[in-house]
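Engineer: Here you go, this is structure04.json (JSON, N, CA and C atoms).
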```json
[["chain", "number", "residue", "atom", "x", "y", "z"],
["A", 732, "MET", "N", -33.24, -27.51, -1.59],
["A", 732, "MET", "CA", -32.11, -27.16, -2.44],
["A", 732, "MET", "C", -32.27, -25.73, -2.97],
["A", 733, "GLN", "N", -33.48, -25.27, -3.11],
["A", 733, "GLN", "CA", -33.73, -23.92, -3.62],
["A", 733, "GLN", "C", -33.22, -22.85, -2.65],
["A", 734, "TRP", "N", -33.35, -23.09, -1.36],
["A", 734, "TRP", "CA", -32.89, -22.12, -0.38],
["A", 734, "TRP", "C", -31.36, -22.02, -0.39],
["A", 735, "LEU", "N", -30.69, -23.15, -0.66],
["A", 735, "LEU", "CA", -29.23, -23.14, -0.75],
["A", 735, "LEU", "C", -28.76, -22.30, -1.94],
["A", 736, "HIS", "N", -29.46, -22.44, -3.04],
["A", 736, "HIS", "CA", -29.13, -21.66, -4.23],
["A", 736, "HIS", "C", -29.31, -20.17, -3.95],
["A", 737, "GLY", "N", -30.41, -19.81, -3.30],
["A", 737, "GLY", "CA", -30.65, -18.40, -2.96],
["A", 737, "GLY", "C", -29.62, -17.86, -1.98],
["A", 738, "ALA", "N", -29.26, -18.66, -0.98],
["A", 738, "ALA", "CA", -28.26, -18.23, 0.00],
["A", 738, "ALA", "C", -26.90, -18.04, -0.66],
["A", 739, "LEU", "N", -26.53, -18.95, -1.55],
["A", 739, "LEU", "CA", -25.24, -18.82, -2.23],
["A", 739, "LEU", "C", -25.21, -17.61, -3.17],
["A", 740, "LEU", "N", -26.33, -17.30, -3.78],
["A", 740, "LEU", "CA", -26.39, -16.11, -4.62],
["A", 740, "LEU", "C", -26.26, -14.83, -3.80],
["A", 741, "ILE", "N", -26.85, -14.82, -2.61],
["A", 741, "ILE", "CA", -26.71, -13.66, -1.72],
["A", 741, "ILE", "C", -25.27, -13.52, -1.25],
["A", 742, "VAL", "N", -24.63, -14.64, -0.89],
["A", 742, "VAL", "CA", -23.22, -14.61, -0.49],
["A", 742, "VAL", "C", -22.36, -14.11, -1.64],
["A", 743, "PHE", "N", -22.64, -14.60, -2.85],
["A", 743, "PHE", "CA", -21.89, -14.17, -4.03],
["A", 743, "PHE", "C", -22.05, -12.67, -4.26],
["A", 744, "ALA", "N", -23.28, -12.16, -4.18],
["A", 744, "ALA", "CA", -23.53, -10.74, -4.43],
["A", 744, "ALA", "C", -22.84, -9.86, -3.38],
["A", 745, "CYS", "N", -22.92, -10.27, -2.11],
["A", 745, "CYS", "CA", -22.28, -9.48, -1.05],
["A", 745, "CYS", "C", -20.76, -9.49, -1.19],
["A", 746, "SER", "N", -20.19, -10.63, -1.52],
["A", 746, "SER", "CA", -18.74, -10.69, -1.67],
["A", 746, "SER", "C", -18.28, -9.95, -2.93],
["A", 747, "LEU", "N", -19.09, -9.95, -3.98],
["A", 747, "LEU", "CA", -18.76, -9.17, -5.17],
["A", 747, "LEU", "C", -18.76, -7.68, -4.83],
["A", 748, "PHE", "N", -19.77, -7.23, -4.09],
["A", 748, "PHE", "CA", -19.81, -5.84, -3.66],
["A", 748, "PHE", "C", -18.60, -5.51, -2.78],
["A", 749, "GLY", "N", -18.24, -6.42, -1.87],
["A", 749, "GLY", "CA", -17.07, -6.19, -1.01],
["A", 749, "GLY", "C", -15.78, -6.10, -1.80],
["A", 750, "SER", "N", -15.63, -6.95, -2.80],
["A", 750, "SER", "CA", -14.42, -6.90, -3.63],
["A", 750, "SER", "C", -14.30, -5.57, -4.36],
["A", 751, "VAL", "N", -15.38, -5.12, -4.94],
["A", 751, "VAL", "CA", -15.36, -3.85, -5.68],
["A", 751, "VAL", "C", -15.14, -2.69, -4.71],
["A", 752, "PHE", "N", -15.83, -2.72, -3.58],
["A", 752, "PHE", "CA", -15.71, -1.64, -2.60],
["A", 752, "PHE", "C", -14.29, -1.51, -2.08],
["A", 753, "PHE", "N", -13.68, -2.64, -1.66],
["A", 753, "PHE", "CA", -12.33, -2.57, -1.11],
["A", 753, "PHE", "C", -11.29, -2.31, -2.20],
["A", 754, "SER", "N", -11.59, -2.66, -3.43],
["A", 754, "SER", "CA", -10.69, -2.33, -4.53],
["A", 754, "SER", "C", -10.62, -0.82, -4.74],
["A", 755, "PHE", "N", -11.77, -0.16, -4.71],
["A", 755, "PHE", "CA", -11.78, 1.30, -4.84],
["A", 755, "PHE", "C", -11.12, 1.97, -3.65],
["A", 756, "ARG", "N", -11.41, 1.45, -2.44],
["A", 756, "ARG", "CA", -10.79, 2.03, -1.25],
["A", 756, "ARG", "C", -9.28, 1.85, -1.26],
["A", 757, "TYR", "N", -8.81, 0.70, -1.74],
["A", 757, "TYR", "CA", -7.37, 0.42, -1.80],
["A", 757, "TYR", "C", -6.67, 1.46, -2.67],
["A", 758, "ARG", "N", -7.27, 1.81, -3.77],
["A", 758, "ARG", "CA", -6.64, 2.76, -4.69],
["A", 758, "ARG", "C", -6.64, 4.19, -4.16],
["A", 759, "ARG", "N", -7.49, 4.51, -3.21],
["A", 759, "ARG", "CA", -7.57, 5.88, -2.69],
["A", 759, "ARG", "C", -6.77, 6.09, -1.40],
["A", 760, "GLN", "N", -6.35, 5.00, -0.76],
["A", 760, "GLN", "CA", -5.63, 5.13, 0.52],
["A", 760, "GLN", "C", -4.22, 5.65, 0.29],
["A", 761, "LEU", "N", -3.73, 6.43, 1.23],
["A", 761, "LEU", "CA", -2.38, 6.95, 1.17],
["A", 761, "LEU", "C", -1.45, 6.20, 2.12],
["A", 762, "SER", "N", -1.98, 5.72, 3.20],
["A", 762, "SER", "CA", -1.18, 5.03, 4.21],
["A", 762, "SER", "C", -0.88, 3.60, 3.76],
["A", 763, "ARG", "N", 0.34, 3.15, 4.04],
["A", 763, "ARG", "CA", 0.73, 1.79, 3.68],
["A", 763, "ARG", "C", -0.11, 0.75, 4.42],
["A", 764, "LYS", "N", -0.35, 0.99, 5.70],
["A", 764, "LYS", "CA", -1.12, 0.05, 6.50],
["A", 764, "LYS", "C", -2.56, -0.02, 6.00],
["A", 765, "ALA", "N", -3.17, 1.11, 5.72],
["A", 765, "ALA", "CA", -4.56, 1.12, 5.26],
["A", 765, "ALA", "C", -4.68, 0.46, 3.89],
["A", 766, "ARG", "N", -3.70, 0.68, 3.01],
["A", 766, "ARG", "CA", -3.72, 0.03, 1.69],
["A", 766, "ARG", "C", -3.61, -1.48, 1.84],
["A", 767, "GLY", "N", -2.72, -1.93, 2.73],
["A", 767, "GLY", "CA", -2.57, -3.36, 2.95],
["A", 767, "GLY", "C", -3.80, -4.00, 3.55],
["A", 768, "MET", "N", -4.43, -3.31, 4.48],
["A", 768, "MET", "CA", -5.65, -3.84, 5.10],
["A", 768, "MET", "C", -6.77, -3.94, 4.07],
["A", 769, "ASP", "N", -6.92, -2.93, 3.22],
["A", 769, "ASP", "CA", -7.96, -2.97, 2.20],
["A", 769, "ASP", "C", -7.67, -4.04, 1.15],
["A", 770, "ALA", "N", -6.41, -4.22, 0.80],
["A", 770, "ALA", "CA", -6.05, -5.28, -0.15],
["A", 770, "ALA", "C", -6.34, -6.65, 0.45],
["A", 771, "ALA", "N", -6.08, -6.82, 1.74],
["A", 771, "ALA", "CA", -6.37, -8.10, 2.40],
["A", 771, "ALA", "C", -7.88, -8.36, 2.45],
["A", 772, "LYS", "N", -8.65, -7.33, 2.75],
["A", 772, "LYS", "CA", -10.11, -7.49, 2.77],
["A", 772, "LYS", "C", -10.64, -7.79, 1.37],
["A", 773, "MET", "N", -10.03, -7.18, 0.35],
["A", 773, "MET", "CA", -10.42, -7.46, -1.02],
["A", 773, "MET", "C", -10.11, -8.92, -1.37],
["A", 774, "ASN", "N", -8.96, -9.43, -0.95],
["A", 774, "ASN", "CA", -8.61, -10.82, -1.19],
["A", 774, "ASN", "C", -9.59, -11.77, -0.50],
["A", 775, "MET", "N", -9.96, -11.45, 0.73],
["A", 775, "MET", "CA", -10.90, -12.30, 1.45],
["A", 775, "MET", "C", -12.26, -12.30, 0.76],
["A", 776, "SER", "N", -12.71, -11.13, 0.32],
["A", 776, "SER", "CA", -14.00, -11.05, -0.38],
["A", 776, "SER", "C", -13.96, -11.83, -1.69],
["A", 777, "MET", "N", -12.86, -11.70, -2.40],
["A", 777, "MET", "CA", -12.73, -12.42, -3.67],
["A", 777, "MET", "C", -12.65, -13.93, -3.43],
["A", 778, "GLY", "N", -12.00, -14.34, -2.37],
["A", 778, "GLY", "CA", -11.94, -15.76, -2.03],
["A", 778, "GLY", "C", -13.31, -16.33, -1.72],
["A", 779, "ILE", "N", -14.09, -15.60, -0.94],
["A", 779, "ILE", "CA", -15.45, -16.04, -0.61],
["A", 779, "ILE", "C", -16.30, -16.09, -1.88],
["A", 780, "MET", "N", -16.12, -15.11, -2.76],
["A", 780, "MET", "CA", -16.88, -15.09, -4.01],
["A", 780, "MET", "C", -16.53, -16.31, -4.87],
["A", 781, "LEU", "N", -15.26, -16.62, -5.01],
["A", 781, "LEU", "CA", -14.86, -17.77, -5.83],
["A", 781, "LEU", "C", -15.32, -19.09, -5.22],
["A", 782, "VAL", "N", -15.26, -19.20, -3.90],
["A", 782, "VAL", "CA", -15.74, -20.42, -3.25],
["A", 782, "VAL", "C", -17.24, -20.59, -3.46],
["A", 783, "SER", "N", -18.00, -19.50, -3.34],
["A", 783, "SER", "CA", -19.45, -19.61, -3.54],
["A", 783, "SER", "C", -19.78, -19.97, -5.00],
["A", 784, "ILE", "N", -19.04, -19.42, -5.96],
["A", 784, "ILE", "CA", -19.27, -19.78, -7.36],
["A", 784, "ILE", "C", -18.96, -21.25, -7.57],
["A", 785, "SER", "N", -17.88, -21.73, -6.98],
["A", 785, "SER", "CA", -17.51, -23.13, -7.18],
["A", 785, "SER", "C", -18.52, -24.07, -6.53],
["A", 786, "ILE", "N", -19.06, -23.70, -5.39],
["A", 786, "ILE", "CA", -20.09, -24.54, -4.76],
["A", 786, "ILE", "C", -21.35, -24.57, -5.62],
["A", 787, "ILE", "N", -21.70, -23.43, -6.19],
["A", 787, "ILE", "CA", -22.84, -23.40, -7.10],
["A", 787, "ILE", "C", -22.59, -24.32, -8.29],
["A", 788, "GLN", "N", -21.41, -24.24, -8.86],
["A", 788, "GLN", "CA", -21.07, -25.06, -10.02],
["A", 788, "GLN", "C", -21.04, -26.54, -9.69],
["A", 789, "LEU", "N", -20.49, -26.90, -8.54],
["A", 789, "LEU", "CA", -20.29, -28.31, -8.23],
["A", 789, "LEU", "C", -21.55, -29.01, -7.75],
["A", 790, "PHE", "N", -22.37, -28.33, -6.96],
["A", 790, "PHE", "CA", -23.47, -29.03, -6.30],
["A", 790, "PHE", "C", -24.85, -28.74, -6.85],
["A", 791, "LEU", "N", -25.04, -27.63, -7.51],
["A", 791, "LEU", "CA", -26.39, -27.27, -7.89],
["A", 791, "LEU", "C", -26.72, -27.53, -9.35],
["A", 792, "PHE", "N", -25.76, -27.97, -10.13],
["A", 792, "PHE", "CA", -26.02, -28.29, -11.53],
["A", 792, "PHE", "C", -25.55, -29.70, -11.80],
["A", 793, "SER", "N", -26.06, -30.28, -12.88],
["A", 793, "SER", "CA", -25.63, -31.63, -13.23],
["A", 793, "SER", "C", -24.15, -31.59, -13.58],
["A", 794, "GLY", "N", -23.43, -32.59, -13.12],
["A", 794, "GLY", "CA", -21.98, -32.55, -13.23],
["A", 794, "GLY", "C", -21.44, -33.11, -14.53],
["A", 795, "SER", "N", -20.92, -32.25, -15.36],
["A", 795, "SER", "CA", -20.14, -32.71, -16.49],
["A", 795, "SER", "C", -18.66, -32.62, -16.10],
["A", 796, "THR", "N", -17.81, -33.23, -16.83],
["A", 796, "THR", "CA", -16.39, -33.25, -16.49],
["A", 796, "THR", "C", -15.79, -31.85, -16.51],
["A", 797, "VAL", "N", -16.13, -31.08, -17.52],
["A", 797, "VAL", "CA", -15.59, -29.72, -17.62],
["A", 797, "VAL", "C", -16.08, -28.87, -16.46],
["A", 798, "ARG", "N", -17.34, -28.98, -16.12],
["A", 798, "ARG", "CA", -17.90, -28.19, -15.02],
["A", 798, "ARG", "C", -17.25, -28.55, -13.69],
["A", 799, "VAL", "N", -16.98, -29.83, -13.48],
["A", 799, "VAL", "CA", -16.33, -30.25, -12.24],
["A", 799, "VAL", "C", -14.90, -29.72, -12.17],
["A", 800, "ILE", "N", -14.17, -29.79, -13.27],
["A", 800, "ILE", "CA", -12.79, -29.30, -13.29],
["A", 800, "ILE", "C", -12.75, -27.80, -13.05],
["A", 801, "VAL", "N", -13.61, -27.05, -13.73],
["A", 801, "VAL", "CA", -13.66, -25.59, -13.54],
["A", 801, "VAL", "C", -14.07, -25.26, -12.11],
["A", 802, "GLY", "N", -15.03, -25.99, -11.57],
["A", 802, "GLY", "CA", -15.44, -25.76, -10.18],
["A", 802, "GLY", "C", -14.33, -26.03, -9.19],
["A", 803, "LEU", "N", -13.56, -27.09, -9.40],
["A", 803, "LEU", "CA", -12.46, -27.39, -8.49],
["A", 803, "LEU", "C", -11.34, -26.36, -8.59],
["A", 804, "VAL", "N", -11.05, -25.89, -9.79],
["A", 804, "VAL", "CA", -10.03, -24.85, -9.95],
["A", 804, "VAL", "C", -10.47, -23.57, -9.25],
["A", 805, "MET", "N", -11.73, -23.21, -9.41],
["A", 805, "MET", "CA", -12.24, -22.01, -8.74],
["A", 805, "MET", "C", -12.24, -22.18, -7.23],
["A", 806, "LEU", "N", -12.53, -23.37, -6.76],
["A", 806, "LEU", "CA", -12.51, -23.65, -5.32],
["A", 806, "LEU", "C", -11.09, -23.48, -4.77],
["A", 807, "LEU", "N", -10.10, -24.02, -5.46],
["A", 807, "LEU", "CA", -8.72, -23.89, -5.01],
["A", 807, "LEU", "C", -8.25, -22.44, -5.04],
["A", 808, "LEU", "N", -8.58, -21.71, -6.10],
["A", 808, "LEU", "CA", -8.22, -20.29, -6.17],
["A", 808, "LEU", "C", -8.90, -19.49, -5.05],
["A", 809, "GLY", "N", -10.16, -19.80, -4.80],
["A", 809, "GLY", "CA", -10.89, -19.10, -3.74],
["A", 809, "GLY", "C", -10.31, -19.37, -2.37],
["A", 810, "LEU", "N", -9.97, -20.62, -2.09],
["A", 810, "LEU", "CA", -9.37, -20.95, -0.79],
["A", 810, "LEU", "C", -8.00, -20.30, -0.64],
["A", 811, "PHE", "N", -7.23, -20.26, -1.73],
["A", 811, "PHE", "CA", -5.92, -19.59, -1.67],
["A", 811, "PHE", "C", -6.10, -18.09, -1.41],
["A", 812, "ASN", "N", -7.03, -17.44, -2.09],
["A", 812, "ASN", "CA", -7.27, -16.01, -1.87],
["A", 812, "ASN", "C", -7.74, -15.75, -0.44],
["A", 813, "LEU", "N", -8.60, -16.60, 0.06],
["A", 813, "LEU", "CA", -9.10, -16.44, 1.43],
["A", 813, "LEU", "C", -7.96, -16.59, 2.42],
["A", 814, "PHE", "N", -7.12, -17.61, 2.24],
["A", 814, "PHE", "CA", -5.98, -17.82, 3.13],
["A", 814, "PHE", "C", -5.00, -16.65, 3.06],
["A", 815, "ALA", "N", -4.68, -16.20, 1.85],
["A", 815, "ALA", "CA", -3.74, -15.09, 1.68],
["A", 815, "ALA", "C", -4.30, -13.80, 2.29],
["A", 816, "GLY", "N", -5.60, -13.57, 2.13],
["A", 816, "GLY", "CA", -6.21, -12.38, 2.72],
["A", 816, "GLY", "C", -6.16, -12.38, 4.23],
["A", 817, "ILE", "N", -6.45, -13.53, 4.82],
["A", 817, "ILE", "CA", -6.42, -13.63, 6.29],
["A", 817, "ILE", "C", -4.99, -13.44, 6.79],
["A", 818, "ARG", "N", -4.02, -14.06, 6.11],
["A", 818, "ARG", "CA", -2.62, -13.92, 6.50],
["A", 818, "ARG", "C", -2.16, -12.47, 6.38],
["A", 819, "ASN", "N", -2.46, -11.84, 5.25],
["A", 819, "ASN", "CA", -2.03, -10.45, 5.04],
["A", 819, "ASN", "C", -2.72, -9.49, 5.99],
["A", 820, "TYR", "N", -3.98, -9.75, 6.31],
["A", 820, "TYR", "CA", -4.68, -8.90, 7.26],
["A", 820, "TYR", "C", -3.98, -8.93, 8.62],
["A", 821, "GLY", "N", -3.58, -10.13, 9.04],
["A", 821, "GLY", "CA", -2.86, -10.25, 10.31],
["A", 821, "GLY", "C", -1.52, -9.54, 10.27],
["A", 822, "LEU", "N", -0.82, -9.63, 9.15],
["A", 822, "LEU", "CA", 0.47, -8.96, 9.03],
["A", 822, "LEU", "C", 0.34, -7.45, 9.05],
["A", 823, "TYR", "N", -0.62, -6.92, 8.30],
["A", 823, "TYR", "CA", -0.78, -5.46, 8.26],
["A", 823, "TYR", "C", -1.42, -4.92, 9.52],
["A", 824, "ASP", "N", -2.15, -5.75, 10.24],
["A", 824, "ASP", "CA", -2.76, -5.32, 11.49],
["A", 824, "ASP", "C", -1.69, -5.05, 12.55],
["A", 825, "ARG", "N", -0.56, -5.75, 12.48],
["A", 825, "ARG", "CA", 0.51, -5.59, 13.47],
["A", 825, "ARG", "C", 1.42, -4.40, 13.17],
["A", 826, "ILE", "N", 1.31, -3.81, 11.98],
["A", 826, "ILE", "CA", 2.17, -2.68, 11.62],
["A", 826, "ILE", "C", 1.73, -1.44, 12.40],
["A", 827, "LYS", "N", 2.70, -0.76, 12.97],
["A", 827, "LYS", "CA", 2.40, 0.48, 13.69],
["A", 827, "LYS", "C", 2.72, 1.65, 12.78],
["A", 828, "GLU", "N", 1.83, 2.62, 12.75],
["A", 828, "GLU", "CA", 2.02, 3.82, 11.89],
["A", 828, "GLU", "C", 2.69, 4.91, 12.67]]
```
Output the file's structure as structure tokens, nothing else.

Structural biologist:
Amino acid sequence: MQWLHGALLIVFACSLFGSVFFSFRYRRQLSRKARGMDAAKMNMSMGIMLVSISIIQLFLFSGSTVRVIVGLVMLLLGLFNLFAGIRNYGLYDRIKE
């Protein structure tokens, strides 16, 4: 169980770095396509981050009712962000400049 906790923390840290990185890149881009692609990558990173936090909350700590509810809400938000990022990435990938 300890290795799972370490792996989830690494996933969380990498996705946090990705969210911040693509957020800064999004604000500096001039092209509509590049801005959309960076926003989609930021959404995917944020979705992975929220899913990893929710897995940590749900499986690695003793379950209280509040912790389970917060973990499930974060899981749903993370899956929605991941889905929206993948969808938007596909849409902006097809745009011709």

Engineer: Which of these residues is nearest to A:Ser776, using only C-alpha atoms: A:Ile826, A:Leu806, A:Ala744, A:Val799?

Structural biologist: A:Ala744

Engineer: May I ask for the distance between atom C of A:Asn819 and atom CA of A:Arg763, given in Å to one decimal place?

Structural biologist: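 Calculated distance between atom C of A:Asn819 and atom CA of A:Arg763 is 12.0 Å.
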
Engineer: Between atom CA of A:Val797 and atom CA of A:Phe811, what is the distance in Å, rounded to a tenth?

Structural biologist: 21.2 Å

Engineer: Which one is closest to A:Cys745: A:Lys827, A:Ile817, A:Met780, A:Met805? Count only N, CA and C atoms.

Structural biologist: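 Closest residue, counting only N, CA and C atoms: A:Met780.
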
Engineer: Taking into account only C-alpha atoms, which residue in the set A:Ile787, A:Ile741, A:Ala765, A:Leu781 is nearest to A:Leu810?

Structural biologist: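 Among the listed residues, A:Leu781 lies closest to A:Leu810.
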
Engineer: Grab the atom N of A:Met773 to atom N of A:Leu761 distance for me, in Å with one decimal place.

Structural biologist: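 Going from atom N of A:Met773 over to atom N of A:Leu761 covers 15.0 Å.
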
Engineer: Choose the residue, out of A:Ala771, A:Val801, A:Leu822, A:Leu807, that has the smallest atom-to-atom separation from A:Gln788; count only N, CA and C atoms.

Structural biologist: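 Between A:Ala771, A:Val801, A:Leu822, A:Leu807, the residue approaching A:Gln788 most closely is A:Val801.
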
Engineer: Can you complete the atoms of stretch 742-767 of chain A to N, CA, C and O atoms and list them as a PDB file, in the frame of the given file?

Structural biologist:
```pdb
ATOM      1  N   VAL A 742     -24.630 -14.640  -0.890  1.00  0.00           N
ATOM      2  CA  VAL A 742     -23.220 -14.610  -0.490  1.00  0.00           C
ATOM      3  C   VAL A 742     -22.360 -14.110  -1.640  1.00  0.00           C
ATOM      4  O   VAL A 742     -21.458 -13.285  -1.455  1.00  0.00           O
ATOM      5  N   PHE A 743     -22.640 -14.600  -2.850  1.00  0.00           N
ATOM      6  CA  PHE A 743     -21.890 -14.170  -4.030  1.00  0.00           C
ATOM      7  C   PHE A 743     -22.050 -12.670  -4.260  1.00  0.00           C
ATOM      8  O   PHE A 743     -21.070 -11.959  -4.491  1.00  0.00           O
ATOM      9  N   ALA A 744     -23.280 -12.160  -4.180  1.00  0.00           N
ATOM     10  CA  ALA A 744     -23.530 -10.740  -4.430  1.00  0.00           C
ATOM     11  C   ALA A 744     -22.840  -9.860  -3.380  1.00  0.00           C
ATOM     12  O   ALA A 744     -22.236  -8.835  -3.709  1.00  0.00           O
ATOM     13  N   CYS A 745     -22.920 -10.270  -2.110  1.00  0.00           N
ATOM     14  CA  CYS A 745     -22.280  -9.480  -1.050  1.00  0.00           C
ATOM     15  C   CYS A 745     -20.760  -9.490  -1.190  1.00  0.00           C
ATOM     16  O   CYS A 745     -20.102  -8.453  -1.004  1.00  0.00           O
ATOM     17  N   SER A 746     -20.190 -10.630  -1.520  1.00  0.00           N
ATOM     18  CA  SER A 746     -18.740 -10.690  -1.670  1.00  0.00           C
ATOM     19  C   SER A 746     -18.280  -9.950  -2.930  1.00  0.00           C
ATOM     20  O   SER A 746     -17.199  -9.363  -2.940  1.00  0.00           O
ATOM     21  N   LEU A 747     -19.090  -9.950  -3.980  1.00  0.00           N
ATOM     22  CA  LEU A 747     -18.760  -9.170  -5.170  1.00  0.00           C
ATOM     23  C   LEU A 747     -18.760  -7.680  -4.830  1.00  0.00           C
ATOM     24  O   LEU A 747     -17.842  -6.943  -5.219  1.00  0.00           O
ATOM     25  N   PHE A 748     -19.770  -7.230  -4.090  1.00  0.00           N
ATOM     26  CA  PHE A 748     -19.810  -5.840  -3.660  1.00  0.00           C
ATOM     27  C   PHE A 748     -18.600  -5.510  -2.780  1.00  0.00           C
ATOM     28  O   PHE A 748     -17.990  -4.451  -2.937  1.00  0.00           O
ATOM     29  N   GLY A 749     -18.240  -6.420  -1.870  1.00  0.00           N
ATOM     30  CA  GLY A 749     -17.070  -6.190  -1.010  1.00  0.00           C
ATOM     31  C   GLY A 749     -15.780  -6.100  -1.800  1.00  0.00           C
ATOM     32  O   GLY A 749     -14.937  -5.257  -1.522  1.00  0.00           O
ATOM     33  N   SER A 750     -15.630  -6.950  -2.800  1.00  0.00           N
ATOM     34  CA  SER A 750     -14.420  -6.900  -3.630  1.00  0.00           C
ATOM     35  C   SER A 750     -14.300  -5.570  -4.360  1.00  0.00           C
ATOM     36  O   SER A 750     -13.224  -4.959  -4.382  1.00  0.00           O
ATOM     37  N   VAL A 751     -15.380  -5.120  -4.940  1.00  0.00           N
ATOM     38  CA  VAL A 751     -15.360  -3.850  -5.680  1.00  0.00           C
ATOM     39  C   VAL A 751     -15.140  -2.690  -4.710  1.00  0.00           C
ATOM     40  O   VAL A 751     -14.334  -1.786  -4.979  1.00  0.00           O
ATOM     41  N   PHE A 752     -15.830  -2.720  -3.580  1.00  0.00           N
ATOM     42  CA  PHE A 752     -15.710  -1.640  -2.600  1.00  0.00           C
ATOM     43  C   PHE A 752     -14.290  -1.510  -2.080  1.00  0.00           C
ATOM     44  O   PHE A 752     -13.715  -0.417  -2.057  1.00  0.00           O
ATOM     45  N   PHE A 753     -13.680  -2.640  -1.660  1.00  0.00           N
ATOM     46  CA  PHE A 753     -12.330  -2.570  -1.110  1.00  0.00           C
ATOM     47  C   PHE A 753     -11.290  -2.310  -2.200  1.00  0.00           C
ATOM     48  O   PHE A 753     -10.230  -1.761  -1.910  1.00  0.00           O
ATOM     49  N   SER A 754     -11.590  -2.660  -3.430  1.00  0.00           N
ATOM     50  CA  SER A 754     -10.690  -2.330  -4.530  1.00  0.00           C
ATOM     51  C   SER A 754     -10.620  -0.820  -4.740  1.00  0.00           C
ATOM     52  O   SER A 754      -9.534  -0.258  -4.914  1.00  0.00           O
ATOM     53  N   PHE A 755     -11.770  -0.160  -4.710  1.00  0.00           N
ATOM     54  CA  PHE A 755     -11.780   1.300  -4.840  1.00  0.00           C
ATOM     55  C   PHE A 755     -11.120   1.970  -3.650  1.00  0.00           C
ATOM     56  O   PHE A 755     -10.384   2.939  -3.791  1.00  0.00           O
ATOM     57  N   ARG A 756     -11.410   1.450  -2.440  1.00  0.00           N
ATOM     58  CA  ARG A 756     -10.790   2.030  -1.250  1.00  0.00           C
ATOM     59  C   ARG A 756      -9.280   1.850  -1.260  1.00  0.00           C
ATOM     60  O   ARG A 756      -8.548   2.742  -0.830  1.00  0.00           O
ATOM     61  N   TYR A 757      -8.810   0.700  -1.740  1.00  0.00           N
ATOM     62  CA  TYR A 757      -7.370   0.420  -1.800  1.00  0.00           C
ATOM     63  C   TYR A 757      -6.670   1.460  -2.670  1.00  0.00           C
ATOM     64  O   TYR A 757      -5.588   1.931  -2.330  1.00  0.00           O
ATOM     65  N   ARG A 758      -7.270   1.810  -3.770  1.00  0.00           N
ATOM     66  CA  ARG A 758      -6.640   2.760  -4.690  1.00  0.00           C
ATOM     67  C   ARG A 758      -6.640   4.190  -4.160  1.00  0.00           C
ATOM     68  O   ARG A 758      -5.848   5.011  -4.606  1.00  0.00           O
ATOM     69  N   ARG A 759      -7.490   4.510  -3.210  1.00  0.00           N
ATOM     70  CA  ARG A 759      -7.570   5.880  -2.690  1.00  0.00           C
ATOM     71  C   ARG A 759      -6.770   6.090  -1.400  1.00  0.00           C
ATOM     72  O   ARG A 759      -6.556   7.228  -1.009  1.00  0.00           O
ATOM     73  N   GLN A 760      -6.350   5.000  -0.760  1.00  0.00           N
ATOM     74  CA  GLN A 760      -5.630   5.130   0.520  1.00  0.00           C
ATOM     75  C   GLN A 760      -4.220   5.650   0.290  1.00  0.00           C
ATOM     76  O   GLN A 760      -3.569   5.327  -0.698  1.00  0.00           O
ATOM     77  N   LEU A 761      -3.730   6.430   1.230  1.00  0.00           N
ATOM     78  CA  LEU A 761      -2.380   6.950   1.170  1.00  0.00           C
ATOM     79  C   LEU A 761      -1.450   6.200   2.120  1.00  0.00           C
ATOM     80  O   LEU A 761      -0.261   6.048   1.843  1.00  0.00           O
ATOM     81  N   SER A 762      -1.980   5.720   3.200  1.00  0.00           N
ATOM     82  CA  SER A 762      -1.180   5.030   4.210  1.00  0.00           C
ATOM     83  C   SER A 762      -0.880   3.600   3.760  1.00  0.00           C
ATOM     84  O   SER A 762      -1.731   2.915   3.193  1.00  0.00           O
ATOM     85  N   ARG A 763       0.340   3.150   4.040  1.00  0.00           N
ATOM     86  CA  ARG A 763       0.730   1.790   3.680  1.00  0.00           C
ATOM     87  C   ARG A 763      -0.110   0.750   4.420  1.00  0.00           C
ATOM     88  O   ARG A 763      -0.518  -0.258   3.860  1.00  0.00           O
ATOM     89  N   LYS A 764      -0.350   0.990   5.700  1.00  0.00           N
ATOM     90  CA  LYS A 764      -1.120   0.050   6.500  1.00  0.00           C
ATOM     91  C   LYS A 764      -2.560  -0.020   6.000  1.00  0.00           C
ATOM     92  O   LYS A 764      -3.113  -1.113   5.842  1.00  0.00           O
ATOM     93  N   ALA A 765      -3.170   1.110   5.720  1.00  0.00           N
ATOM     94  CA  ALA A 765      -4.560   1.120   5.260  1.00  0.00           C
ATOM     95  C   ALA A 765      -4.680   0.460   3.890  1.00  0.00           C
ATOM     96  O   ALA A 765      -5.640  -0.280   3.626  1.00  0.00           O
ATOM     97  N   ARG A 766      -3.700   0.680   3.010  1.00  0.00           N
ATOM     98  CA  ARG A 766      -3.720   0.030   1.690  1.00  0.00           C
ATOM     99  C   ARG A 766      -3.610  -1.480   1.840  1.00  0.00           C
ATOM    100  O   ARG A 766      -4.312  -2.232   1.172  1.00  0.00           O
ATOM    101  N   GLY A 767      -2.720  -1.930   2.730  1.00  0.00           N
ATOM    102  CA  GLY A 767      -2.570  -3.360   2.950  1.00  0.00           C
ATOM    103  C   GLY A 767      -3.800  -4.000   3.550  1.00  0.00           C
ATOM    104  O   GLY A 767      -4.182  -5.111   3.161  1.00  0.00           O
TER     105      GLY A 767
END
```
